[in-house]
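Visitor: Handing you a structure now.
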Amino acid sequence: MKNYKKTKIACYLGFITQAIAANFAPLLFLKFHTDYNISLGNIALISTCFFFTQLVVDLFCAKFVDRIGYRTCIVASEVCSALGLVGLAFLPDLLLNPYTGIIISVIIYAIGSGLIEVLCSPIVEACPFENKEATMSLLHSFYCWGAVGTILVSTAFFAIFGIDSWKWLAVLLAMVPAINIYNFATCPIEYLVEDGEGMSIPSLFKTPLFWVAIILMVCSGASELSMAQWASAYAEAALGLSKTMGDLMGPCLFAVAMGISRMLYGKYGEKVNLSKFMLGSGVLCVLCYVLASLFSNPIVGLIGCILCGFSVGIMWPGTLSISSKKFPTGGTAMFALLAMAGDLGGSIGPGIVGRVTQMAGDNIRTGMTVGLIFPVVLVVGLLFFDKMKSR
């Protein structure tokens with residue numbers, strides 16, 4: 001009898017790996033700036049490079065993963081993640097240009113992160129678990145706990161050993177994907193659809209409902225990351241904390257709230273209507289943006305930021321679940337395109353909010369007021385999806 005619990009654990013560790021890849025380097029941005037004399041403009045491009053690489057991988061997966069095979073690609077994701085993190089520790093000092101070493105390492109582990117993002121969801125979806133929506137939500141909660149763990153472990157490590165020891169921490173964190181290589185190499189892996197039987201990319205794009213799902217994913221990514229990016233600033237403004245404590249009170253609590261949302265649905269999902277839960281979460285998200293943008297009290301703004309984490313928690317995994325149910329033969333192409341849409345939203349959302357904030361004389365509340373459009377469109381999109389789905 002196949003042990004699908006092993007598959008689930010491998011995918012949990014996969015999402016923790018993705019969280020490490022996304023959240024570790026940003027904690028070192030100022031360290032890179034001072035030690036390697038890299039301009040802040042180039043430092044900002046590190047995150048851009050990470051997300052752009054993930055977008056490219058999403059497109060690659062939509063076209064080629066079914067031909068290569070799930071197991072080969074998901075094992076490669078862990079290999080790339082481990083190599084990239086180890087490379088981050090050594091390449092900047094081995095190459096003449098440290099910035100080149102950082103970018104190469106980021107691209108390598110971003111390839112791994114992109115493969116994880118696309119493949120773990122369909123791998124779990126293809127397993128014979130009873131409540132797929134709840135299982136999917138619980139799976140995605142491990143990204144949140146991975147993000148929280150990365151921030152807390154890094155903060156504790158730097159407090160004990162000093163931030164100059166960050167390279168050792170990079171190597172230690174690389175052990176997570178290194179161990180998971182064995183898990184993915186040996187666990188049972190099923191396919192959503194047989195090779196050649198899944199919907200093609202053109203056929204997906206010809207379906208109006210799929211376009212609504214794409215919009216939901218764009219707005220989910222934008223709503224999540226636009227707020228997460230400013231959570232630290234609110235924490236600092238509200239409580240007068242240092243940057244480190246601001247990160248713990250802002251982005252860390254945001255991730256905790258998001259993880260709780262996904263974990264609660266993962267535990268009690270069979271008793272809750274997913275569409276109604278998502279719609280309620282969307283309305284709460286709008287309220288959170290209103291609190292953060294229209295109220296001058298920074299404490300109220302911080303509460304809005306943290307609660308926003310809870311409100312957006314179900315959006316990404318929920319959209320994947322309702323799309324998978326509506327398009328049972330969507331296959332890897334569907335998951336890859338939806339992941340790409342989420343990454344696109346996560347890239348453009350914070351950029352728009354940041355640009356408006358700058359144009360408004362560094363007024364964060366003005367930027368967040370414009371960011372309010374993402375959760376509003378999300379709620380409208382959910383209503384459309386329900387209406388079209390019922391037809």
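Convention: chains lettered A, B, ... in structure tokens order; per-chain residue numbering from 1; ligands numbered from 1 as shown.
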Excluding Ala10 of chain A and residues on its chain fewer than 3 positions from it, collect all residues at most 7 Å away from it, counting only C-alpha atoms, and give them as a compact mmCIF listing (two decimals) with N, CA and C atoms, in the first residue's frame.

Guide:
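Writing done, so here's selection20.txt:
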# COMPACT_ATOMS: atom_id res chain seq x y z
N LYS A 6 3.88 10.24 3.37
CA LYS A 6 5.26 10.63 3.05
C LYS A 6 5.28 11.70 1.96
N THR A 7 4.36 11.57 0.99
CA THR A 7 4.24 12.57 -0.07
C THR A 7 3.84 13.92 0.51
N LEU A 13 7.61 20.14 3.51
CA LEU A 13 9.01 20.61 3.55
C LEU A 13 9.36 21.41 2.30
N GLY A 14 8.70 21.07 1.18
CA GLY A 14 8.90 21.83 -0.05
C GLY A 14 8.48 23.28 0.12
N ASN A 180 15.20 16.87 1.91
CA ASN A 180 13.94 16.62 1.19
C ASN A 180 14.15 16.00 -0.20
N ASN A 183 13.21 12.48 0.27
CA ASN A 183 11.76 12.32 0.43
C ASN A 183 11.05 12.30 -0.92
N PHE A 184 11.36 13.27 -1.78
CA PHE A 184 10.70 13.33 -3.08
C PHE A 184 11.16 12.21 -4.02

Visitor: Neighbours of segment 351-367 of chain A within 12 Å (only C-alpha atoms; same-chain residues fewer than 3 positions away dropped), as a CSV table (one decimal) with N, CA, C and O atoms, in the first residue's frame?

Guide:
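The file below, out_0.csv, is the result:
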chain,number,residue,atom,x,y,z
A,44,ALA,N,17.8,46.2,-4.4
A,44,ALA,CA,16.4,46.1,-4.7
A,44,ALA,C,16.2,45.1,-5.8
A,44,ALA,O,15.1,44.5,-5.9
A,47,SER,N,15.4,41.0,-5.2
A,47,SER,CA,14.0,40.5,-5.1
A,47,SER,C,13.4,40.5,-6.5
A,47,SER,O,12.7,39.5,-6.8
A,48,THR,N,13.6,41.5,-7.3
A,48,THR,CA,13.1,41.5,-8.6
A,48,THR,C,13.5,40.3,-9.4
A,48,THR,O,12.8,39.6,-10.1
A,222,ALA,N,-1.3,40.4,-5.2
A,222,ALA,CA,-1.1,41.8,-5.0
A,222,ALA,C,-1.6,42.2,-3.6
A,222,ALA,O,-0.9,43.0,-2.9
A,223,SER,N,-2.8,41.7,-3.2
A,223,SER,CA,-3.3,42.1,-1.9
A,223,SER,C,-2.4,41.6,-0.8
A,223,SER,O,-2.2,42.3,0.2
A,225,LEU,N,1.0,40.8,-0.9
A,225,LEU,CA,2.4,41.3,-0.8
A,225,LEU,C,2.4,42.8,-0.7
A,225,LEU,O,3.4,43.4,-0.1
A,226,SER,N,1.4,43.5,-1.2
A,226,SER,CA,1.3,45.0,-1.0
A,226,SER,C,1.3,45.3,0.5
A,226,SER,O,1.9,46.3,0.9
A,227,MET,N,0.5,44.6,1.2
A,227,MET,CA,0.3,44.8,2.6
A,227,MET,C,1.5,44.3,3.4
A,227,MET,O,2.1,45.0,4.3
A,228,ALA,N,2.0,43.1,3.1
A,228,ALA,CA,3.1,42.5,3.8
A,228,ALA,C,4.4,43.4,3.7
A,228,ALA,O,5.1,43.5,4.7
A,229,GLN,N,4.6,44.1,2.6
A,229,GLN,CA,5.7,44.9,2.4
A,229,GLN,C,5.7,46.1,3.3
A,229,GLN,O,6.8,46.6,3.7
A,230,TRP,N,4.5,46.6,3.7
A,230,TRP,CA,4.5,47.8,4.5
A,230,TRP,C,4.2,47.5,6.0
A,230,TRP,O,4.1,48.4,6.8
A,231,ALA,N,4.0,46.2,6.3
A,231,ALA,CA,3.7,45.8,7.7
A,231,ALA,C,4.8,46.3,8.7
A,231,ALA,O,4.5,46.7,9.8
A,232,SER,N,6.1,46.1,8.2
A,232,SER,CA,7.2,46.5,9.1
A,232,SER,C,7.2,48.0,9.4
A,232,SER,O,7.4,48.5,10.5
A,233,ALA,N,6.9,48.8,8.3
A,233,ALA,CA,6.8,50.3,8.5
A,233,ALA,C,5.8,50.7,9.5
A,233,ALA,O,6.0,51.6,10.3
A,234,TYR,N,4.6,50.0,9.4
A,234,TYR,CA,3.5,50.3,10.4
A,234,TYR,C,3.9,49.9,11.8
A,234,TYR,O,3.6,50.7,12.8
A,237,ALA,N,6.3,52.6,13.1
A,237,ALA,CA,5.6,53.8,13.3
A,237,ALA,C,4.7,53.8,14.5
A,237,ALA,O,4.6,54.7,15.3
A,289,TYR,N,-7.6,46.9,4.5
A,289,TYR,CA,-7.0,48.0,3.7
A,289,TYR,C,-7.5,49.4,4.1
A,289,TYR,O,-6.8,50.4,4.1
A,290,VAL,N,-8.8,49.4,4.4
A,290,VAL,CA,-9.5,50.7,4.8
A,290,VAL,C,-8.8,51.1,6.2
A,290,VAL,O,-8.5,52.3,6.3
A,291,LEU,N,-8.7,50.2,7.1
A,291,LEU,CA,-8.0,50.5,8.4
A,291,LEU,C,-6.6,51.0,8.2
A,291,LEU,O,-6.2,52.0,8.8
A,292,ALA,N,-5.9,50.4,7.3
A,292,ALA,CA,-4.5,50.8,7.1
A,292,ALA,C,-4.3,52.1,6.3
A,292,ALA,O,-3.3,52.8,6.5
A,293,SER,N,-5.3,52.4,5.4
A,293,SER,CA,-5.1,53.6,4.5
A,293,SER,C,-5.9,54.8,5.0
A,293,SER,O,-5.4,55.9,4.7
A,294,LEU,N,-7.0,54.7,5.6
A,294,LEU,CA,-7.9,55.8,5.9
A,294,LEU,C,-7.9,56.3,7.4
A,294,LEU,O,-8.4,57.3,7.7
A,295,PHE,N,-7.2,55.5,8.3
A,295,PHE,CA,-7.2,55.8,9.7
A,295,PHE,C,-5.8,56.3,10.0
A,295,PHE,O,-4.8,55.6,9.7
A,296,SER,N,-5.7,57.5,10.6
A,296,SER,CA,-4.4,58.1,10.9
A,296,SER,C,-3.7,57.4,12.1
A,296,SER,O,-2.4,57.5,12.2
A,297,ASN,N,-4.4,56.7,13.0
A,297,ASN,CA,-3.8,56.1,14.1
A,297,ASN,C,-3.0,54.9,13.7
A,297,ASN,O,-3.5,53.9,13.1
A,298,PRO,N,-1.7,54.9,13.9
A,298,PRO,CA,-0.8,53.9,13.5
A,298,PRO,C,-1.1,52.5,14.1
A,298,PRO,O,-0.8,51.5,13.5
A,300,VAL,N,-4.1,51.4,14.8
A,300,VAL,CA,-5.2,50.8,14.0
A,300,VAL,C,-4.7,50.3,12.7
A,300,VAL,O,-5.1,49.2,12.2
A,301,GLY,N,-3.7,51.0,12.1
A,301,GLY,CA,-3.1,50.6,10.8
A,301,GLY,C,-2.4,49.3,11.0
A,301,GLY,O,-2.4,48.4,10.1
A,302,LEU,N,-1.6,49.1,12.1
A,302,LEU,CA,-0.9,47.9,12.3
A,302,LEU,C,-1.9,46.7,12.5
A,302,LEU,O,-1.6,45.6,12.0
A,304,GLY,N,-4.8,46.5,11.1
A,304,GLY,CA,-5.2,46.2,9.8
A,304,GLY,C,-4.2,45.4,9.0
A,304,GLY,O,-4.6,44.4,8.3
A,305,CYS,N,-2.9,45.7,9.1
A,305,CYS,CA,-1.9,44.9,8.5
A,305,CYS,C,-1.9,43.5,8.9
A,305,CYS,O,-1.8,42.6,8.1
A,344,LEU,N,2.8,37.4,-10.6
A,344,LEU,CA,2.6,38.7,-11.3
A,344,LEU,C,2.0,39.7,-10.4
A,344,LEU,O,2.5,40.8,-10.3
A,345,GLY,N,0.9,39.3,-9.7
A,345,GLY,CA,0.3,40.2,-8.7
A,345,GLY,C,1.2,40.6,-7.6
A,345,GLY,O,1.3,41.7,-7.2
A,346,GLY,N,2.0,39.6,-7.1
A,346,GLY,CA,3.0,39.9,-6.1
A,346,GLY,C,4.1,40.8,-6.5
A,346,GLY,O,4.7,41.4,-5.6
A,347,SER,N,4.3,40.9,-7.8
A,347,SER,CA,5.4,41.8,-8.3
A,347,SER,C,4.8,43.2,-8.6
A,347,SER,O,5.5,44.2,-8.2
A,348,ILE,N,3.7,43.3,-9.2
A,348,ILE,CA,3.2,44.6,-9.6
A,348,ILE,C,2.5,45.3,-8.4
A,348,ILE,O,2.5,46.6,-8.3
A,370,VAL,N,-4.6,53.4,-2.7
A,370,VAL,CA,-4.6,52.9,-4.1
A,370,VAL,C,-4.6,51.4,-4.1
A,370,VAL,O,-5.2,50.7,-4.9
A,371,GLY,N,-3.8,50.8,-3.1
A,371,GLY,CA,-3.8,49.3,-3.0
A,371,GLY,C,-5.1,48.7,-2.7
A,371,GLY,O,-5.3,47.5,-2.9
A,372,LEU,N,-6.0,49.5,-2.2
A,372,LEU,CA,-7.4,49.0,-1.9
A,372,LEU,C,-8.1,48.4,-3.1
A,372,LEU,O,-9.0,47.5,-3.0
A,373,ILE,N,-7.7,48.8,-4.3
A,373,ILE,CA,-8.3,48.3,-5.5
A,373,ILE,C,-8.2,46.8,-5.7
A,373,ILE,O,-9.1,46.2,-6.2
A,374,PHE,N,-7.1,46.3,-5.2
A,374,PHE,CA,-6.8,44.8,-5.4
A,374,PHE,C,-7.8,44.0,-4.6
A,374,PHE,O,-8.4,43.1,-5.2

Visitor: Quote the spacing between atom CA of Phe64 of chain A and atom CA of Leu115 of chain A in Å to one decimal place.

Guide: 11.7 Å

Visitor: Would you mind listing what lies within 8 Å of Ala62 of chain A as a ChimeraX atom specification, with only C-alpha atoms counted and same-chain residues fewer than 4 positions away left out?

Guide: /A:58,201,332-337

Visitor: Which residue, A:Ser323, A:Ser311, A:Ser105, A:Ser81, has the smallest gap to Ala178 of chain A when you use only C-alpha atoms?

Guide: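 Among the listed residues, A:Ser81 lies closest to Ala178 of chain A.
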
Visitor: Give me the residues within 9 Å of Ser137 of chain A as an mmCIF file with N, CA and C atoms, in the first residue's frame, counting only C-alpha atoms and dropping any in the same chain fewer than 4 places off.

Guide:
data_model
loop_
_atom_site.group_PDB
_atom_site.id
_atom_site.type_symbol
_atom_site.label_atom_id
_atom_site.label_comp_id
_atom_site.auth_asym_id
_atom_site.auth_seq_id
_atom_site.Cartn_x
_atom_site.Cartn_y
_atom_site.Cartn_z
ATOM 1 N N LYS A 132 -9.930 17.598 -0.276
ATOM 2 C CA LYS A 132 -8.842 18.210 -1.039
ATOM 3 C C LYS A 132 -8.660 19.690 -0.702
ATOM 4 N N GLU A 133 -9.785 20.444 -0.554
ATOM 5 C CA GLU A 133 -9.681 21.880 -0.288
ATOM 6 C C GLU A 133 -8.972 22.135 1.042
ATOM 7 N N SER A 141 -0.256 26.491 4.292
ATOM 8 C CA SER A 141 0.069 27.113 5.579
ATOM 9 C C SER A 141 1.542 26.913 5.922
ATOM 10 N N SER A 261 -5.002 31.234 9.418
ATOM 11 C CA SER A 261 -6.157 31.158 8.515
ATOM 12 C C SER A 261 -6.144 29.861 7.716
ATOM 13 N N ARG A 262 -4.989 29.545 7.152
ATOM 14 C CA ARG A 262 -4.875 28.337 6.324
ATOM 15 C C ARG A 262 -4.978 27.069 7.167
ATOM 16 N N MET A 263 -4.416 27.130 8.370
ATOM 17 C CA MET A 263 -4.455 25.952 9.229
ATOM 18 C C MET A 263 -5.875 25.686 9.737
ATOM 19 N N LEU A 264 -6.605 26.749 10.078
ATOM 20 C CA LEU A 264 -7.984 26.589 10.539
ATOM 21 C C LEU A 264 -8.858 25.985 9.454
ATOM 22 N N TYR A 265 -8.684 26.489 8.216
ATOM 23 C CA TYR A 265 -9.476 25.908 7.129
ATOM 24 C C TYR A 265 -9.031 24.471 6.853
ATOM 25 N N GLY A 266 -7.737 24.231 7.007
ATOM 26 C CA GLY A 266 -7.235 22.873 6.818
ATOM 27 C C GLY A 266 -7.827 21.893 7.817
ATOM 28 N N GLY A 269 -12.172 22.587 7.350
ATOM 29 C CA GLY A 269 -12.639 22.916 6.009
ATOM 30 C C GLY A 269 -13.853 22.138 5.549
ATOM 31 N N GLY A 313 -5.099 34.686 3.641
ATOM 32 C CA GLY A 313 -4.563 33.336 3.792
ATOM 33 C C GLY A 313 -5.198 32.298 2.886
ATOM 34 N N ILE A 314 -6.515 32.350 2.735
ATOM 35 C CA ILE A 314 -7.230 31.316 1.977
ATOM 36 C C ILE A 314 -7.253 31.601 0.477
ATOM 37 N N TRP A 316 -5.061 32.284 -2.129
ATOM 38 C CA TRP A 316 -4.210 31.561 -3.089
ATOM 39 C C TRP A 316 -4.579 30.073 -3.140
ATOM 40 N N PRO A 317 -4.512 29.333 -1.998
ATOM 41 C CA PRO A 317 -4.873 27.911 -2.066
ATOM 42 C C PRO A 317 -6.344 27.690 -2.415
ATOM 43 N N GLY A 318 -7.222 28.618 -1.992
ATOM 44 C CA GLY A 318 -8.643 28.488 -2.303
ATOM 45 C C GLY A 318 -8.920 28.601 -3.788
ATOM 46 N N SER A 321 -7.922 25.462 -5.464
ATOM 47 C CA SER A 321 -8.870 24.373 -5.212
ATOM 48 C C SER A 321 -10.132 24.496 -6.053
#

Visitor: Taking only C-alpha atoms into account, name the residue in A:Ile9, A:Ile16, A:Ala110, A:Val79 that is nearest to Cys49 of chain A.

Guide: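 Comparing A:Ile9, A:Ile16, A:Ala110, A:Val79 against Cys49 of chain A, the winner is A:Ala110.
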
Visitor: Record the distance separating atom CA of Asn131 of chain A and atom CA of Leu274 of chain A, expressed in Å with one decimal.

Guide: 11.5 Å

Visitor: Could you name the residues that touch Leu45 of chain A at 12 Å or less, counting only C-alpha atoms, but leaving out those on the same chain fewer than 6 positions away, as a list in words?

Guide: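 Once the adjacent positions are removed, what remains is Ala25, Pro26, Phe29, Ile38, Ser39, Phe51, Phe52, Thr53, Tyr99, Thr100, Ile102, Ile103, Val106, Ile107 and Ser347 of chain A.
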
Visitor: Give me the residues within 9 Å of segment 94-97 of chain A as an mmCIF file with N, CA, C and O atoms, in the first residue's frame, counting only C-alpha atoms and dropping any in the same chain fewer than 4 places off.

Guide:
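Contents of the output file out38.cif:
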data_model
loop_
_atom_site.group_PDB
_atom_site.id
_atom_site.type_symbol
_atom_site.label_atom_id
_atom_site.label_comp_id
_atom_site.auth_asym_id
_atom_site.auth_seq_id
_atom_site.Cartn_x
_atom_site.Cartn_y
_atom_site.Cartn_z
ATOM 1 N N TYR A 36 29.728 44.362 0.941
ATOM 2 C CA TYR A 36 30.156 44.237 -0.455
ATOM 3 C C TYR A 36 30.039 45.544 -1.234
ATOM 4 O O TYR A 36 30.276 45.565 -2.444
ATOM 5 N N PHE A 90 29.026 31.209 -0.419
ATOM 6 C CA PHE A 90 30.405 31.148 -0.914
ATOM 7 C C PHE A 90 30.682 31.950 -2.192
ATOM 8 O O PHE A 90 31.767 32.515 -2.333
ATOM 9 N N GLY A 101 27.886 37.002 -7.752
ATOM 10 C CA GLY A 101 27.736 35.761 -6.986
ATOM 11 C C GLY A 101 26.382 35.666 -6.311
ATOM 12 O O GLY A 101 25.752 34.599 -6.288
#

Visitor: Considering only C-alpha atoms, can you say which of A:Met368, A:Ala134, A:Leu173, A:Leu55 comes closest to Thr150 of chain A?

Guide: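 Closest candidate: A:Leu173.
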
Visitor: Identify, with DSSP run on backbone atoms, the residues in segment 84-318 of chain A assigned to helix (DSSP H, G or I), and express the list as a VMD selection string.

Guide: chain A and resid 84 to 94 98 to 126 132 to 161 163 to 173 175 to 186 201 to 205 208 to 239 243 to 271 274 to 294 298 to 312 315 to 318

Visitor: From the list A:Met340, A:Leu383, A:Met315, A:Ala255, which residue is nearest Gly114 of chain A when using only C-alpha atoms?

Guide: A:Met340

Visitor: Just checking: using only C-alpha atoms, which residue out of A:Gly330, A:Gly221, A:Pro177, A:Pro98 ends up closest to Ser200 of chain A?

Guide: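 Distance minimum relative to Ser200 of chain A lands on A:Gly330.
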
Visitor: In terms of the shortest atom-to-atom distance over only C-alpha atoms, which of A:Leu28, A:Ala174, A:Leu119, A:Ile163 is closest to Leu83 of chain A?

Guide: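 Answer, going by the shortest atom-to-atom distance: A:Ala174.
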
Visitor: Between atom CA of Ile116 of chain A and atom CA of Phe310 of chain A, what is the distance, to one decimal in Å?

Guide: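 Between these atoms lies a distance of 23.1 Å.
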